[in-house]
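In what follows, a structure is listed as structure tokens, so that the remarks can point back to it.
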Amino acid sequence: MADKRDFYEVLGISKGASDDEIKKAYRACVKKYHPDLHPDDKECEEKMKEVNEAYEILSDPDKKSKYDQFGHAGVDPSYGGAGGFGGFSGGMSAEDLESVFSSFFGGSGFGSSSRSNPNAPRRGQDIQTEIRIEFMEACKGKRADIQINRTEQCPDCRGTGAAPGTKPTMCTDCGGTGYRNTVQRSLFGMVNTQRPCTRCGGKGQMVTSPCSKCRGSGRVTVPRTVSVDIPAGIDDGQVLLKRGEGNNGMNGGASGDLQILVHVKSDPIFEREGFDINTEIPITYMQAVMGDEIVVPCIDGKVRYNIPEGTQSGTKFRLKGKGVQKLHRNERGDQYVTVVVEVPKGLNKTQKELLKKFEESLGDNNYRNRKSFFEKMKDILNSDIGK
């Protein structure tokens, strides 16, 4: 027992703590670590065992006296061993915990009979899966088949777990009730409680000849194909819910749901922003100067659009109603087309001379933005700034 922590340290109190302080510290630890509040948490379970052992010693005047004088060596292991949560160790059952919380907060909410009854209907677990679709499939919608593995009732034994031709037998430990009475010492005296029978798991029945298909569990995992309608307008990262297509429930409980995470592939031309579509269209220098009718690709096909003369690179045009359909609505977003003037490269000598003559023929009035910029710069240079 030399590796055990100091019992006062476990409860978070000093060595000279009174009986009331010990009891109060124990209640605080119960509220913090009790397994009913932290199901399947092994760390909290171990800490609660440690708390129970500390309280078992410190709440008994004789044991406390020996512990104070000799430490762990002075405590008889047959009295000081951790009794777990159901033994005679000062541990609290779900019913005791409910009483503690009731006294502190005026209510409970823990340890109901439906929660502890293994024969109560239980909803099946949800199933999570993923699907990857094309960009255009997300815009227009599609019907897809998804392969899943689902837990269902065993068809051979019909969920009983017993081999065909046999039936479960009554549990002799609990007499078929599924429960056994236990007497515990709690903070409030001796408490008589009912707990599920450990032999039959609270079912009241035992399977002596297990079904070979499900090995006595009454449930099997089978591959299934589920058809799902992917609505037009679905976006990357959204989740579709197919109700009742998850694992089957137990004891007549409802089936869980199928949750489908949608991944949408990117597109080389279209970029989505909400329900709007963004597209970049390259145009030539001549098209920008003279204006032209260009062909714009859309998710529904293509449209023709007239760009005016003198269009600047980076100008954005709006095509109303050419975006993505809004989910479960008849409305659509818009498409925004950004034109980018492509500067020609690799000009030969003749082309350069022609371009130079063309440039020389232009005046400041042909470059509105350039003229405005140099006028502003002239104003700055002629101001008092920097003098």
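We name chains A, B, ... following the order of the structure tokens; residues begin at 1 in each chain, and ligands are numbered from 1 as shown.
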
Review point. Near segment 287-292 of chain A, within 12 Å and counting only C-alpha atoms, which residues show up once chain neighbours fewer than 6 positions away are dropped, as a PyMOL selection string?
Key: chain A and resi 281+304-315+339-343+366-367

Same residues, C-alpha atoms, output as a PDB file, in the first residue's frame:
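New file result-v5.pdb:
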```
ATOM      1  CA  ILE A 281     -12.793  35.061 -69.374  1.00  0.00           C
ATOM      2  CA  ARG A 304     -23.444  35.402 -75.652  1.00  0.00           C
ATOM      3  CA  TYR A 305     -22.529  38.707 -74.050  1.00  0.00           C
ATOM      4  CA  ASN A 306     -21.578  42.007 -75.660  1.00  0.00           C
ATOM      5  CA  ILE A 307     -18.685  43.769 -73.967  1.00  0.00           C
ATOM      6  CA  PRO A 308     -18.452  47.506 -74.718  1.00  0.00           C
ATOM      7  CA  GLU A 309     -15.445  49.175 -76.356  1.00  0.00           C
ATOM      8  CA  GLY A 310     -12.778  50.399 -73.991  1.00  0.00           C
ATOM      9  CA  THR A 311     -13.394  47.591 -71.489  1.00  0.00           C
ATOM     10  CA  GLN A 312     -10.631  47.522 -68.872  1.00  0.00           C
ATOM     11  CA  SER A 313      -8.947  44.358 -67.649  1.00  0.00           C
ATOM     12  CA  GLY A 314     -10.617  43.156 -64.450  1.00  0.00           C
ATOM     13  CA  THR A 315     -14.064  44.509 -65.311  1.00  0.00           C
ATOM     14  CA  VAL A 339     -12.761  39.789 -68.237  1.00  0.00           C
ATOM     15  CA  VAL A 340      -8.966  39.723 -68.234  1.00  0.00           C
ATOM     16  CA  VAL A 341      -7.129  41.410 -71.094  1.00  0.00           C
ATOM     17  CA  GLU A 342      -4.316  39.177 -72.277  1.00  0.00           C
ATOM     18  CA  VAL A 343      -1.236  41.132 -73.376  1.00  0.00           C
ATOM     19  CA  ASN A 366      -7.501  58.047 -75.276  1.00  0.00           C
ATOM     20  CA  TYR A 367      -6.139  57.109 -71.828  1.00  0.00           C
TER      21      TYR A 367
END
```

Practice item. Considering only C-alpha atoms, state which residue in the set A:Lys142, A:Arg180, A:Arg158, A:Arg215 is at the smallest distance from Ala232 of chain A. Key: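 Closest residue, counting only C-alpha atoms: A:Lys142.
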
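Residue-level DSSP output for segment 150-329 of chain A, from the backbone, shows alpha helix (DSSP H) at Tyr285, Met286, Gln287, Ala288, Val289 and Met290 of chain A.
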
Show me, as a PDB file with N, CA and C atoms, in the first residue's frame, the residues that have an atom within 8 Å of Gly178 of chain A when counting only C-alpha atoms, minus same-chain residues fewer than 6 positions from it.
```pdb
ATOM      1  N   CYS A 171     -33.363 -16.914 -16.018  1.00  0.00           N
ATOM      2  CA  CYS A 171     -32.163 -16.780 -15.195  1.00  0.00           C
ATOM      3  C   CYS A 171     -32.478 -17.226 -13.773  1.00  0.00           C
ATOM      4  N   PRO A 196     -29.540  -4.328 -11.854  1.00  0.00           N
ATOM      5  CA  PRO A 196     -29.678  -5.365 -12.870  1.00  0.00           C
ATOM      6  C   PRO A 196     -28.842  -6.592 -12.500  1.00  0.00           C
ATOM      7  N   CYS A 197     -29.389  -7.732 -12.762  1.00  0.00           N
ATOM      8  CA  CYS A 197     -28.699  -8.986 -12.483  1.00  0.00           C
ATOM      9  C   CYS A 197     -27.438  -9.080 -13.340  1.00  0.00           C
ATOM     10  N   CYS A 200     -27.447 -12.292 -16.067  1.00  0.00           N
ATOM     11  CA  CYS A 200     -28.225 -12.212 -17.306  1.00  0.00           C
ATOM     12  C   CYS A 200     -28.205 -10.821 -17.926  1.00  0.00           C
ATOM     13  N   GLY A 201     -27.494  -9.887 -17.279  1.00  0.00           N
ATOM     14  CA  GLY A 201     -27.431  -8.537 -17.806  1.00  0.00           C
ATOM     15  C   GLY A 201     -28.727  -7.779 -17.677  1.00  0.00           C
ATOM     16  N   GLY A 202     -29.598  -8.215 -16.752  1.00  0.00           N
ATOM     17  CA  GLY A 202     -30.859  -7.528 -16.528  1.00  0.00           C
ATOM     18  C   GLY A 202     -31.984  -7.984 -17.436  1.00  0.00           C
ATOM     19  N   LYS A 203     -31.717  -8.960 -18.296  1.00  0.00           N
ATOM     20  CA  LYS A 203     -32.750  -9.415 -19.224  1.00  0.00           C
ATOM     21  C   LYS A 203     -33.708 -10.430 -18.608  1.00  0.00           C
ATOM     22  N   GLY A 204     -33.267 -11.090 -17.547  1.00  0.00           N
ATOM     23  CA  GLY A 204     -34.114 -12.096 -16.919  1.00  0.00           C
ATOM     24  C   GLY A 204     -34.066 -13.432 -17.611  1.00  0.00           C
ATOM     25  N   GLN A 205     -33.322 -13.515 -18.715  1.00  0.00           N
ATOM     26  CA  GLN A 205     -33.234 -14.747 -19.490  1.00  0.00           C
ATOM     27  C   GLN A 205     -31.780 -15.056 -19.829  1.00  0.00           C
TER      28      GLN A 205
END
```

Practice item. As number ranges by chain, list the residues of segment 107-260 of chain A assigned to strand (DSSP E or B) by DSSP on the backbone atoms of this structure. Key: A: 122, 127-133, 142-153, 162, 169-170, 179-186, 189-196, 205-206, 210, 219-230, 239-242, 250, 258-260

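Residues in contact with segment 252-269 of chain A at up to 7 Å, not including ones fewer than 6 positions away on its chain and judged by only C-alpha atoms, are Pro121, Arg122, Arg123, Gly124, Gln125, Asp126, Ile127, Gln128, Thr129, Glu130, Ile131, Arg132, Ile133, Glu134, Phe135, Ala138, Asp235, Asp236, Gly237, Gln238, Val239, Leu240, Leu241, Lys242, Arg243, Gly244, Glu245, Gly246 and Thr279 of chain A.
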
For the residues selected in the previous step, produce a file with N, CA and C atoms as a short mmCIF file (atom, residue, chain, number, x, y, z; two decimals), in the first residue's frame.
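Done, and the output landed in out.cif:
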```
data_model
loop_
_atom_site.label_atom_id
_atom_site.label_comp_id
_atom_site.auth_asym_id
_atom_site.auth_seq_id
_atom_site.Cartn_x
_atom_site.Cartn_y
_atom_site.Cartn_z
N PRO A 121 -36.76 -0.19 -24.74
CA PRO A 121 -36.42 0.09 -26.15
C PRO A 121 -35.26 1.08 -26.26
N ARG A 122 -34.33 0.78 -27.15
CA ARG A 122 -33.18 1.65 -27.35
C ARG A 122 -33.03 1.97 -28.83
N ARG A 123 -32.83 3.25 -29.10
CA ARG A 123 -32.67 3.70 -30.47
C ARG A 123 -31.33 3.21 -31.02
N GLY A 124 -31.31 2.84 -32.29
CA GLY A 124 -30.09 2.39 -32.93
C GLY A 124 -29.11 3.54 -33.15
N GLN A 125 -27.85 3.22 -33.29
CA GLN A 125 -26.83 4.24 -33.50
C GLN A 125 -26.89 4.78 -34.93
N ASP A 126 -26.49 6.05 -35.07
CA ASP A 126 -26.41 6.65 -36.40
C ASP A 126 -25.19 6.09 -37.14
N ILE A 127 -25.25 6.13 -38.45
CA ILE A 127 -24.14 5.72 -39.29
C ILE A 127 -23.65 6.94 -40.05
N GLN A 128 -22.34 7.17 -40.04
CA GLN A 128 -21.75 8.27 -40.79
C GLN A 128 -20.98 7.72 -42.00
N THR A 129 -21.20 8.34 -43.13
CA THR A 129 -20.48 7.95 -44.34
C THR A 129 -20.22 9.20 -45.19
N GLU A 130 -19.51 9.05 -46.30
CA GLU A 130 -19.15 10.18 -47.16
C GLU A 130 -19.44 9.84 -48.60
N ILE A 131 -19.64 10.89 -49.41
CA ILE A 131 -19.81 10.71 -50.84
C ILE A 131 -19.11 11.87 -51.55
N ARG A 132 -18.46 11.59 -52.66
CA ARG A 132 -17.77 12.61 -53.45
C ARG A 132 -18.47 12.75 -54.79
N ILE A 133 -18.87 13.98 -55.13
CA ILE A 133 -19.61 14.21 -56.37
C ILE A 133 -18.92 15.30 -57.20
N GLU A 134 -19.27 15.37 -58.48
CA GLU A 134 -18.72 16.38 -59.37
C GLU A 134 -19.36 17.74 -59.11
N PHE A 135 -18.68 18.78 -59.56
CA PHE A 135 -19.18 20.15 -59.37
C PHE A 135 -20.55 20.33 -60.01
N ALA A 138 -23.42 18.71 -58.14
CA ALA A 138 -23.85 19.50 -56.99
C ALA A 138 -24.77 20.63 -57.43
N ASP A 235 -23.78 22.03 -51.25
CA ASP A 235 -22.43 22.60 -51.26
C ASP A 235 -21.45 21.67 -50.57
N ASP A 236 -20.19 21.89 -50.81
CA ASP A 236 -19.14 21.07 -50.21
C ASP A 236 -19.18 21.18 -48.69
N GLY A 237 -19.13 20.03 -48.01
CA GLY A 237 -19.11 20.01 -46.56
C GLY A 237 -20.47 19.91 -45.91
N GLN A 238 -21.54 19.97 -46.69
CA GLN A 238 -22.87 19.84 -46.10
C GLN A 238 -23.20 18.36 -45.86
N VAL A 239 -24.14 18.12 -44.93
CA VAL A 239 -24.49 16.75 -44.52
C VAL A 239 -25.94 16.47 -44.87
N LEU A 240 -26.16 15.36 -45.56
CA LEU A 240 -27.52 14.89 -45.85
C LEU A 240 -27.94 13.89 -44.79
N LEU A 241 -29.20 13.94 -44.39
CA LEU A 241 -29.72 13.04 -43.36
C LEU A 241 -30.77 12.12 -43.96
N LYS A 242 -30.53 10.84 -43.85
CA LYS A 242 -31.48 9.83 -44.31
C LYS A 242 -32.03 9.14 -43.06
N ARG A 243 -33.21 9.54 -42.66
CA ARG A 243 -33.77 9.06 -41.40
C ARG A 243 -34.14 7.58 -41.46
N GLY A 244 -33.84 6.88 -40.36
CA GLY A 244 -34.21 5.48 -40.24
C GLY A 244 -33.35 4.51 -41.00
N GLU A 245 -32.26 5.00 -41.61
CA GLU A 245 -31.39 4.10 -42.39
C GLU A 245 -30.11 3.74 -41.63
N GLY A 246 -30.05 4.10 -40.34
CA GLY A 246 -28.91 3.74 -39.52
C GLY A 246 -29.08 2.35 -38.94
N THR A 279 -16.51 33.46 -62.79
CA THR A 279 -15.78 32.94 -63.96
C THR A 279 -14.86 34.03 -64.50
#
```

Exercise for review: Please indicate the distance in Å from atom CA of Tyr55 of chain A to atom CA of Met190 of chain A, rounded to one decimal place.
Suggested key: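 Answer for the atom CA of Tyr55 of chain A to atom CA of Met190 of chain A separation: 16.3 Å.
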
Review point. If you count only C-alpha atoms, which residues fall within 12 Å of Phe7 of chain A, apart from same-chain ones fewer than 5 positions away, as a VMD selection string?
Key: chain A and resid 1 12 to 15 17 22 25 to 26 47 49 to 59 63 to 64 67 to 68 71 to 72 75 80
